[in-house]
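*Asks:* Have a look at this one before I ask anything.
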Amino acid sequence: MNYNFFRRKKSVENVKQEWNELGEKYASDVNAMVEYGETHGWDNWKGEEPEDKRVYLAENVLSLLKDANKSGKIDDFRSDFPPAHFPFVKYFEEKGQSVGQLYFIENQKIIFLTGTSYQKRQAYLLVDNEVVELDTSIDAVGKSKQNDVFAILSNNTIVTTQGWQGEQIASFLLRQNASIGVTEMMPFNDGLRVLLVTSEGIYLISQNEEMLIHPVEDDQDDQDDEDSEDEEDGGYTGIDMENATLSNSNDYIVVGDQCSAHRVLNTYGVEIGSVGQQSSYPHFCLFSKNDQQLITNSCHFYNGVTIGVNAAILDGIAIEEYQESSQYVTIDEDMRVYSGVAVDDYYILGDAYGYIKAFDMQGKCLWRHFLGSTISGMCVSDDGSTLWVGSYSGTLHKLKLGHGNRDNHTIGNGNHYEELRVILWKDEPILKW
């Protein structure tokens, strides 16, 4: 069939009708399949995997979305055309980018960045539902676990402030880490130190030094020997899957990468324990909101295992890799976790498949909600009612948690209301859906 001719002949009403009929069926079929698999076991599922058959409508719908943004009729468009992921995959592949380093500021205001650590980034504010572009010199942002301290990296200098754009606390000129792309940046609660996560290593930044705390020196020496051989062959030097977190009290630092178990350090960067991976590669870590539990995730391809450890036993802990142990509880056995937040007594985790899922501290899955594409960033309002999620498709989602589904195209059982979807594609004007 000549789809271009087909598209030209379709009326808006025809596109709307087909988009909604096919979208509702697809969501219903997926939800039924997932519910069956979770209830009866995936080995017992004999049906075919549902297919979103709206790809042929994507060009029409995207054109109508652009028109709605120009005319300011986004709410009307959203009512007529609930958003979707799979019909637009070809656009994501061409124009998508990471939306990460999301941090809540106040009310309905967050900061976020587009681009990865090895790309030129752009920082934005989302104020209510309006996107505001910030200074192009900003390379990374971060926020403390407590006390509302923000950090901004610009022109090789990190500045910490009390509150967003508040009174300056400290300034750190990077020398050893000048011009290195930053994966993540976490100021301490007093703003006098910063945890800097990069593909060249993980550092504690203070007024006096840029102290490498991961990899450890012996491992780094071994790695340097390997790297020198790699360099001769034009190979890559550094670490992969670098990840770290601070406890909310800042008493503990946890660090890891593809070639290392999660190492537990005290506040000064001295190792006091380790948590071995239960899948192939350590990939993510996070403390619960009350600091009573540490979760660590390790991955294998697009899947992974997340475990929870009682934080009261972190000093001296030595959990063996790939070993069952009474020292941890299994939180999840499916997700390769890329981002997450701690809310009250549960976690919201985002994975490689585009799902966000909530788990309590015993490992019970409270809900799941599909957004699409690998999740690249996440933040939540202080009252836990609003969640912002970024993905590698170049999309930022704003969800009102527990407010009821906005449409019958929603995949998941989380009962959440997507208030806004912002599309930030490369070399394209920003679109709101």
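We label chains A, B, ... in the order they appear in the structure tokens, count residues from 1 in each chain, and number ligands from 1 in the order shown.
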Any chance you could list, as a PyMOL selection string, the residues in stretch 202-354 of chain A that come up strand (DSSP E) when DSSP is run on the backbone?
*Replies:* chain A and resi 202-205+210-214+243-246+252-257+260-266+271-275+281-287+293-300+303-310+318-319+328-332+337-343+346-351
*Asks:* I want to know what sits within 7 Å of A:Gly201, based on only C-alpha atoms, with residues of the same chain fewer than 6 positions away left out; could you give that as a list in words?
*Replies:*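 Selected residues are Leu212, His214, Pro215, Gly238 and Ile239 of chain A.
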*Asks:* Generate a file of the selected residues that holds C-alpha atoms, formatted as an mmCIF file, in the first residue's frame.
*Replies:*
```cif
data_model
loop_
_atom_site.group_PDB
_atom_site.id
_atom_site.type_symbol
_atom_site.label_atom_id
_atom_site.label_comp_id
_atom_site.auth_asym_id
_atom_site.auth_seq_id
_atom_site.Cartn_x
_atom_site.Cartn_y
_atom_site.Cartn_z
ATOM 1 C CA LEU A 212 39.680 9.620 43.820
ATOM 2 C CA HIS A 214 36.727 4.745 43.128
ATOM 3 C CA PRO A 215 38.269 2.643 41.671
ATOM 4 C CA GLY A 238 38.153 4.543 32.254
ATOM 5 C CA ILE A 239 35.218 2.818 33.943
#
```
*Asks:* Using only C-alpha atoms, tabulate the residues of stretch 18-111 of chain A lying at most 6 Å from any atom of stretch 392-413 of chain A, each with its closest atom pair and that distance in Å to one decimal, by chain and increasing residue number, as CSV.
*Replies:*
```
residue,atom,partner,partner_atom,distance
A:Gly23,CA,A:His409,CA,5.8
A:Glu24,CA,A:His409,CA,5.0
A:Ala27,CA,A:His409,CA,5.2
A:Phe92,CA,A:Ser393,CA,5.0
A:Gly96,CA,A:Ser393,CA,4.3
A:Gln97,CA,A:Gly394,CA,4.5
A:Ser98,CA,A:Tyr392,CA,4.1
A:Val99,CA,A:Gly394,CA,5.8
```
*Asks:* Write the residues of the selection above to a file with C-alpha atoms, as a PDB file, in the first residue's frame.
*Replies:*
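Result went into out03.pdb, see below:
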```pdb
ATOM      1  CA  GLY A  23      -4.440   2.591  20.920  1.00  0.00           C
ATOM      2  CA  GLU A  24      -7.128   1.455  23.313  1.00  0.00           C
ATOM      3  CA  ALA A  27      -3.092  -0.924  25.830  1.00  0.00           C
ATOM      4  CA  PHE A  92      13.379   8.561  18.739  1.00  0.00           C
ATOM      5  CA  GLY A  96      16.081  11.219  20.725  1.00  0.00           C
ATOM      6  CA  GLN A  97      18.477  12.212  23.503  1.00  0.00           C
ATOM      7  CA  SER A  98      18.896  11.671  27.208  1.00  0.00           C
ATOM      8  CA  VAL A  99      16.762  13.773  29.548  1.00  0.00           C
TER       9      VAL A  99
END
```
*Asks:* Rank nothing, just name the residue among A:Gly191, A:Gly273, A:Gly181, A:Pro282 nearest to A:Glu167, using only C-alpha atoms.
*Replies:* A:Gly191
*Asks:* Provide the atom CA of A:Arg193 to atom CA of A:Gln207 distance in Å, to one decimal place.
*Replies:* 7.6 Å
*Asks:* Work out how far apart atom CA of A:Ile205 and atom CA of A:Ile348 are and give it in Å to one decimal.
*Replies:*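 Atom CA of A:Ile348 lies 28.8 Å from atom CA of A:Ile205.
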*Asks:* Tell me, as a list of chain:residue names, which residues lie within 10 Å of A:Ser288, counting only C-alpha atoms; anything in the same chain fewer than 6 positions away does not count.
*Replies:*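 After dropping sequence-adjacent residues, the list is A:Ser247, A:Asn248, A:Leu294, A:Ile295, A:Gly308, A:Ala311, A:Val341, A:Ala342, A:Val343, A:Asp344, A:Asp345, A:Tyr346, A:Tyr347, A:Asp360, A:Met361.
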*Asks:* The selected residues should be written to file as a PDB file, in the first residue's frame (atoms: N, CA and C atoms).
*Replies:*
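Everything below was put into result.pdb:
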```
ATOM      1  N   SER A 247      24.025   8.461  51.393  1.00  0.00           N
ATOM      2  CA  SER A 247      22.897   8.308  52.299  1.00  0.00           C
ATOM      3  C   SER A 247      22.332   9.691  52.595  1.00  0.00           C
ATOM      4  N   ASN A 248      21.090   9.742  53.019  1.00  0.00           N
ATOM      5  CA  ASN A 248      20.457  11.035  53.269  1.00  0.00           C
ATOM      6  C   ASN A 248      21.169  11.809  54.371  1.00  0.00           C
ATOM      7  N   LEU A 294      19.686   0.205  52.110  1.00  0.00           N
ATOM      8  CA  LEU A 294      20.405   0.491  50.869  1.00  0.00           C
ATOM      9  C   LEU A 294      19.972  -0.528  49.835  1.00  0.00           C
ATOM     10  N   ILE A 295      19.601  -0.073  48.638  1.00  0.00           N
ATOM     11  CA  ILE A 295      19.342  -1.009  47.553  1.00  0.00           C
ATOM     12  C   ILE A 295      20.447  -0.881  46.513  1.00  0.00           C
ATOM     13  N   GLY A 308      18.025  -5.398  48.739  1.00  0.00           N
ATOM     14  CA  GLY A 308      17.985  -4.401  49.793  1.00  0.00           C
ATOM     15  C   GLY A 308      18.748  -4.871  51.014  1.00  0.00           C
ATOM     16  N   ALA A 311      20.681  -0.948  56.495  1.00  0.00           N
ATOM     17  CA  ALA A 311      21.769   0.017  56.612  1.00  0.00           C
ATOM     18  C   ALA A 311      22.458  -0.042  57.967  1.00  0.00           C
ATOM     19  N   VAL A 341      14.008   6.998  42.677  1.00  0.00           N
ATOM     20  CA  VAL A 341      13.830   7.927  43.796  1.00  0.00           C
ATOM     21  C   VAL A 341      13.251   7.152  44.968  1.00  0.00           C
ATOM     22  N   ALA A 342      13.522   7.651  46.167  1.00  0.00           N
ATOM     23  CA  ALA A 342      12.955   7.085  47.384  1.00  0.00           C
ATOM     24  C   ALA A 342      11.833   7.994  47.864  1.00  0.00           C
ATOM     25  N   VAL A 343      10.651   7.397  48.087  1.00  0.00           N
ATOM     26  CA  VAL A 343       9.473   8.160  48.506  1.00  0.00           C
ATOM     27  C   VAL A 343       8.895   7.495  49.748  1.00  0.00           C
ATOM     28  N   ASP A 344       8.833   8.230  50.850  1.00  0.00           N
ATOM     29  CA  ASP A 344       8.292   7.672  52.092  1.00  0.00           C
ATOM     30  C   ASP A 344       8.941   6.311  52.375  1.00  0.00           C
ATOM     31  N   ASP A 345       8.157   5.226  52.352  1.00  0.00           N
ATOM     32  CA  ASP A 345       8.699   3.908  52.656  1.00  0.00           C
ATOM     33  C   ASP A 345       8.753   3.003  51.421  1.00  0.00           C
ATOM     34  N   TYR A 346       8.897   3.601  50.230  1.00  0.00           N
ATOM     35  CA  TYR A 346       9.019   2.788  49.022  1.00  0.00           C
ATOM     36  C   TYR A 346       9.919   3.480  48.004  1.00  0.00           C
ATOM     37  N   TYR A 347      10.240   2.749  46.940  1.00  0.00           N
ATOM     38  CA  TYR A 347      11.088   3.252  45.862  1.00  0.00           C
ATOM     39  C   TYR A 347      10.299   3.289  44.560  1.00  0.00           C
ATOM     40  N   ASP A 360       8.033  -1.685  47.725  1.00  0.00           N
ATOM     41  CA  ASP A 360       8.256  -1.370  49.128  1.00  0.00           C
ATOM     42  C   ASP A 360       9.584  -1.971  49.574  1.00  0.00           C
ATOM     43  N   MET A 361       9.957  -1.765  50.819  1.00  0.00           N
ATOM     44  CA  MET A 361      11.280  -2.157  51.296  1.00  0.00           C
ATOM     45  C   MET A 361      11.422  -3.656  51.514  1.00  0.00           C
TER      46      MET A 361
END
```
*Asks:* Stretch 13-255 of chain A: which residues are helix (DSSP H, G or I) by DSSP, as an MDAnalysis selection string?
*Replies:* chainID A and resid 13:40 42:44 55:71 74:80 86:95 217:232
*Asks:* Take the residues from that selection and write them out as a compact mmCIF listing (two decimals), in the first residue's frame, keeping C-alpha atoms.
*Replies:*
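As written to disk, result_36.txt reads:
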```txt
# COMPACT_ATOMS: atom_id res chain seq x y z
CA GLU A 13 -11.43 12.65 12.24
CA ASN A 14 -10.34 9.42 10.55
CA VAL A 15 -6.87 9.71 12.05
CA LYS A 16 -8.37 10.42 15.48
CA GLN A 17 -10.74 7.47 15.28
CA GLU A 18 -8.10 4.98 14.18
CA TRP A 19 -5.53 6.32 16.66
CA ASN A 20 -7.92 5.87 19.56
CA GLU A 21 -9.41 2.53 18.55
CA LEU A 22 -6.04 0.94 17.89
CA GLY A 23 -4.44 2.59 20.92
CA GLU A 24 -7.13 1.46 23.31
CA LYS A 25 -6.93 -2.11 22.00
CA TYR A 26 -3.15 -2.19 22.22
CA ALA A 27 -3.09 -0.92 25.83
CA SER A 28 -5.85 -3.33 26.83
CA ASP A 29 -4.06 -6.29 25.25
CA VAL A 30 -0.72 -5.44 26.87
CA ASN A 31 -2.29 -4.94 30.29
CA ALA A 32 -4.09 -8.26 30.00
CA MET A 33 -0.91 -10.07 28.95
CA VAL A 34 1.19 -8.59 31.77
CA GLU A 35 -1.48 -9.33 34.37
CA TYR A 36 -1.67 -12.93 33.16
CA GLY A 37 2.10 -13.34 33.18
CA GLU A 38 2.45 -11.91 36.68
CA THR A 39 -0.45 -13.98 38.02
CA HIS A 40 0.07 -17.34 36.30
CA TRP A 42 5.20 -16.13 31.97
CA ASP A 43 5.95 -19.72 31.01
CA ASN A 44 2.20 -20.31 30.88
CA VAL A 55 3.00 3.37 12.97
CA TYR A 56 1.29 4.41 9.73
CA LEU A 57 -0.51 7.18 11.65
CA ALA A 58 2.58 8.61 13.35
CA GLU A 59 3.45 11.17 10.67
CA ASN A 60 -0.09 12.54 10.65
CA VAL A 61 -0.29 12.72 14.43
CA LEU A 62 3.12 14.38 14.75
CA SER A 63 2.10 17.01 12.20
CA LEU A 64 -1.12 17.67 14.13
CA LEU A 65 0.86 17.89 17.38
CA LYS A 66 3.12 20.56 15.87
CA ASP A 67 0.06 22.50 14.71
CA ALA A 68 -1.46 22.28 18.20
CA ASN A 69 1.72 23.65 19.75
CA LYS A 70 1.77 26.57 17.32
CA SER A 71 -1.87 27.40 17.96
CA ILE A 74 -2.33 21.43 23.35
CA ASP A 75 -5.04 20.42 25.84
CA ASP A 76 -7.56 19.86 23.05
CA PHE A 77 -5.02 17.82 21.11
CA ARG A 78 -4.13 15.74 24.17
CA SER A 79 -7.80 14.95 24.71
CA ASP A 80 -8.20 13.82 21.09
CA PHE A 86 5.95 2.73 19.83
CA PRO A 87 4.50 4.55 16.78
CA PHE A 88 7.30 7.13 17.08
CA VAL A 89 10.28 4.81 17.54
CA LYS A 90 11.88 5.82 14.24
CA TYR A 91 11.86 9.48 15.37
CA PHE A 92 13.38 8.56 18.74
CA GLU A 93 16.16 6.67 16.99
CA GLU A 94 16.94 9.68 14.79
CA LYS A 95 16.33 12.58 17.18
CA GLU A 217 44.24 2.50 44.06
CA ASP A 218 45.34 -1.14 43.63
CA ASP A 219 42.53 -1.79 41.18
CA GLN A 220 43.35 1.46 39.43
CA ASP A 221 47.00 0.39 39.06
CA ASP A 222 45.87 -2.88 37.52
CA GLN A 223 43.43 -0.99 35.34
CA ASP A 224 46.14 1.45 34.28
CA ASP A 225 48.30 -1.47 33.13
CA GLU A 226 45.39 -2.74 31.06
CA ASP A 227 44.62 0.76 29.84
CA SER A 228 48.21 1.33 28.69
CA GLU A 229 47.84 -1.74 26.50
CA ASP A 230 44.45 -0.51 25.35
CA GLU A 231 45.88 2.91 24.54
CA GLU A 232 48.50 1.33 22.32
```
*Asks:* What lies within 10 Å of A:Gln146 using only C-alpha atoms, ignoring chain neighbours under 4 positions off, as a ChimeraX atom specification?
*Replies:* /A:187-190,247-250
*Asks:* I'd like the neighbourhood of stretch 101-108 of chain A as a count of residues only, where a residue qualifies if any of its atoms comes within 9 Å (using only C-alpha atoms), though same-chain residues fewer than 3 positions away should be ignored.
*Replies:* 29
*Asks:* Could you pull the residues within 10 Å of A:Ile180, counting only C-alpha atoms, minus those fewer than 6 positions along the same chain, as a list of chain:residue names?
*Replies:*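 The residues that qualify are A:Ser117, A:Tyr118, A:Asp139, A:Asn156, A:Leu174, A:Thr198, A:Ser199, A:Glu200.
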*Asks:* Any chance you can output those residues with N, CA and C atoms as a PDB file, in the first residue's frame?
*Replies:*
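The result, stored in out.pdb:
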```pdb
ATOM      1  N   SER A 117      26.974  12.650  29.375  1.00  0.00           N
ATOM      2  CA  SER A 117      28.221  13.220  29.880  1.00  0.00           C
ATOM      3  C   SER A 117      29.243  13.481  28.777  1.00  0.00           C
ATOM      4  N   TYR A 118      29.158  12.749  27.685  1.00  0.00           N
ATOM      5  CA  TYR A 118      30.128  12.935  26.599  1.00  0.00           C
ATOM      6  C   TYR A 118      29.579  13.821  25.474  1.00  0.00           C
ATOM      7  N   ASP A 139      27.156  22.518  32.642  1.00  0.00           N
ATOM      8  CA  ASP A 139      27.531  21.169  32.227  1.00  0.00           C
ATOM      9  C   ASP A 139      26.929  20.081  33.109  1.00  0.00           C
ATOM     10  N   ASN A 156      34.200  24.642  34.314  1.00  0.00           N
ATOM     11  CA  ASN A 156      35.111  23.889  35.179  1.00  0.00           C
ATOM     12  C   ASN A 156      35.062  24.316  36.642  1.00  0.00           C
ATOM     13  N   LEU A 174      37.741  22.974  39.345  1.00  0.00           N
ATOM     14  CA  LEU A 174      38.238  21.650  38.991  1.00  0.00           C
ATOM     15  C   LEU A 174      39.528  21.757  38.209  1.00  0.00           C
ATOM     16  N   THR A 198      32.116  10.247  37.330  1.00  0.00           N
ATOM     17  CA  THR A 198      32.512  10.376  35.934  1.00  0.00           C
ATOM     18  C   THR A 198      32.973   9.022  35.411  1.00  0.00           C
ATOM     19  N   SER A 199      33.112   8.924  34.111  1.00  0.00           N
ATOM     20  CA  SER A 199      33.608   7.683  33.512  1.00  0.00           C
ATOM     21  C   SER A 199      35.120   7.533  33.698  1.00  0.00           C
ATOM     22  N   GLU A 200      35.764   8.565  34.246  1.00  0.00           N
ATOM     23  CA  GLU A 200      37.196   8.487  34.557  1.00  0.00           C
ATOM     24  C   GLU A 200      37.439   8.100  36.012  1.00  0.00           C
TER      25      GLU A 200
END
```
*Asks:* Residues within 7 Å of stretch 362-375 of chain A, please, as number ranges by chain. Count only C-alpha atoms; anything in the same chain fewer than 4 positions from it doesn't count.
*Replies:* A: 85, 329-332, 338-339, 350-358, 390-393, 411-414
*Asks:* Given the selection you just returned, output its residues as a file containing N, CA and C atoms, formatted as a PDB file, in the first residue's frame.
*Replies:*
```
ATOM      1  N   HIS A  85       4.157   5.626  22.608  1.00  0.00           N
ATOM      2  CA  HIS A  85       5.603   5.488  22.424  1.00  0.00           C
ATOM      3  C   HIS A  85       5.957   4.785  21.113  1.00  0.00           C
ATOM      4  N   VAL A 329      17.443  -8.683  51.308  1.00  0.00           N
ATOM      5  CA  VAL A 329      16.161  -9.128  50.763  1.00  0.00           C
ATOM      6  C   VAL A 329      16.162  -8.811  49.272  1.00  0.00           C
ATOM      7  N   THR A 330      15.495  -9.634  48.501  1.00  0.00           N
ATOM      8  CA  THR A 330      15.394  -9.382  47.057  1.00  0.00           C
ATOM      9  C   THR A 330      14.240  -8.427  46.801  1.00  0.00           C
ATOM     10  N   ILE A 331      14.559  -7.294  46.216  1.00  0.00           N
ATOM     11  CA  ILE A 331      13.547  -6.289  45.895  1.00  0.00           C
ATOM     12  C   ILE A 331      12.905  -6.595  44.547  1.00  0.00           C
ATOM     13  N   ASP A 332      13.723  -6.951  43.564  1.00  0.00           N
ATOM     14  CA  ASP A 332      13.211  -7.222  42.209  1.00  0.00           C
ATOM     15  C   ASP A 332      14.206  -8.108  41.477  1.00  0.00           C
ATOM     16  N   TYR A 338      18.027   2.175  35.794  1.00  0.00           N
ATOM     17  CA  TYR A 338      18.817   3.317  35.342  1.00  0.00           C
ATOM     18  C   TYR A 338      18.630   4.540  36.234  1.00  0.00           C
ATOM     19  N   SER A 339      17.494   4.632  36.899  1.00  0.00           N
ATOM     20  CA  SER A 339      17.219   5.800  37.725  1.00  0.00           C
ATOM     21  C   SER A 339      16.198   5.426  38.782  1.00  0.00           C
ATOM     22  N   GLY A 350      13.201   3.140  37.539  1.00  0.00           N
ATOM     23  CA  GLY A 350      12.996   3.161  36.097  1.00  0.00           C
ATOM     24  C   GLY A 350      13.978   2.252  35.399  1.00  0.00           C
ATOM     25  N   ASP A 351      13.504   1.507  34.388  1.00  0.00           N
ATOM     26  CA  ASP A 351      14.367   0.475  33.804  1.00  0.00           C
ATOM     27  C   ASP A 351      14.684   0.677  32.336  1.00  0.00           C
ATOM     28  N   ALA A 352      15.374  -0.311  31.778  1.00  0.00           N
ATOM     29  CA  ALA A 352      15.828  -0.255  30.395  1.00  0.00           C
ATOM     30  C   ALA A 352      14.694  -0.386  29.397  1.00  0.00           C
ATOM     31  N   TYR A 353      13.572  -0.967  29.813  1.00  0.00           N
ATOM     32  CA  TYR A 353      12.447  -1.196  28.909  1.00  0.00           C
ATOM     33  C   TYR A 353      11.441  -0.047  28.876  1.00  0.00           C
ATOM     34  N   GLY A 354      11.656   0.982  29.698  1.00  0.00           N
ATOM     35  CA  GLY A 354      10.730   2.107  29.706  1.00  0.00           C
ATOM     36  C   GLY A 354       9.647   2.029  30.751  1.00  0.00           C
ATOM     37  N   TYR A 355       9.771   1.102  31.686  1.00  0.00           N
ATOM     38  CA  TYR A 355       8.821   0.993  32.795  1.00  0.00           C
ATOM     39  C   TYR A 355       9.341   1.740  34.021  1.00  0.00           C
ATOM     40  N   ILE A 356       8.427   2.321  34.780  1.00  0.00           N
ATOM     41  CA  ILE A 356       8.715   2.721  36.142  1.00  0.00           C
ATOM     42  C   ILE A 356       7.860   1.837  37.044  1.00  0.00           C
ATOM     43  N   LYS A 357       8.478   1.381  38.139  1.00  0.00           N
ATOM     44  CA  LYS A 357       7.777   0.483  39.052  1.00  0.00           C
ATOM     45  C   LYS A 357       8.066   0.911  40.490  1.00  0.00           C
ATOM     46  N   ALA A 358       7.058   0.735  41.349  1.00  0.00           N
ATOM     47  CA  ALA A 358       7.211   1.060  42.764  1.00  0.00           C
ATOM     48  C   ALA A 358       7.328  -0.221  43.573  1.00  0.00           C
ATOM     49  N   GLY A 390      12.461  11.395  32.941  1.00  0.00           N
ATOM     50  CA  GLY A 390      13.077  11.609  31.641  1.00  0.00           C
ATOM     51  C   GLY A 390      13.495  10.291  31.023  1.00  0.00           C
ATOM     52  N   SER A 391      13.542  10.238  29.693  1.00  0.00           N
ATOM     53  CA  SER A 391      13.972   9.020  29.016  1.00  0.00           C
ATOM     54  C   SER A 391      14.907   9.354  27.861  1.00  0.00           C
ATOM     55  N   TYR A 392      15.564   8.313  27.342  1.00  0.00           N
ATOM     56  CA  TYR A 392      16.498   8.494  26.235  1.00  0.00           C
ATOM     57  C   TYR A 392      15.794   8.759  24.912  1.00  0.00           C
ATOM     58  N   SER A 393      14.483   8.716  24.896  1.00  0.00           N
ATOM     59  CA  SER A 393      13.740   9.079  23.690  1.00  0.00           C
ATOM     60  C   SER A 393      13.686  10.592  23.507  1.00  0.00           C
ATOM     61  N   ILE A 411      -0.731   2.103  29.848  1.00  0.00           N
ATOM     62  CA  ILE A 411      -0.219   0.753  30.077  1.00  0.00           C
ATOM     63  C   ILE A 411       0.351   0.704  31.483  1.00  0.00           C
ATOM     64  N   GLY A 412      -0.204  -0.160  32.309  1.00  0.00           N
ATOM     65  CA  GLY A 412       0.241  -0.271  33.689  1.00  0.00           C
ATOM     66  C   GLY A 412      -0.938  -0.304  34.637  1.00  0.00           C
ATOM     67  N   ASN A 413      -0.653  -0.477  35.912  1.00  0.00           N
ATOM     68  CA  ASN A 413      -1.706  -0.536  36.920  1.00  0.00           C
ATOM     69  C   ASN A 413      -1.495   0.491  38.033  1.00  0.00           C
ATOM     70  N   GLY A 414      -0.793   1.563  37.694  1.00  0.00           N
ATOM     71  CA  GLY A 414      -0.418   2.534  38.713  1.00  0.00           C
ATOM     72  C   GLY A 414      -1.436   3.608  39.003  1.00  0.00           C
TER      73      GLY A 414
END
```
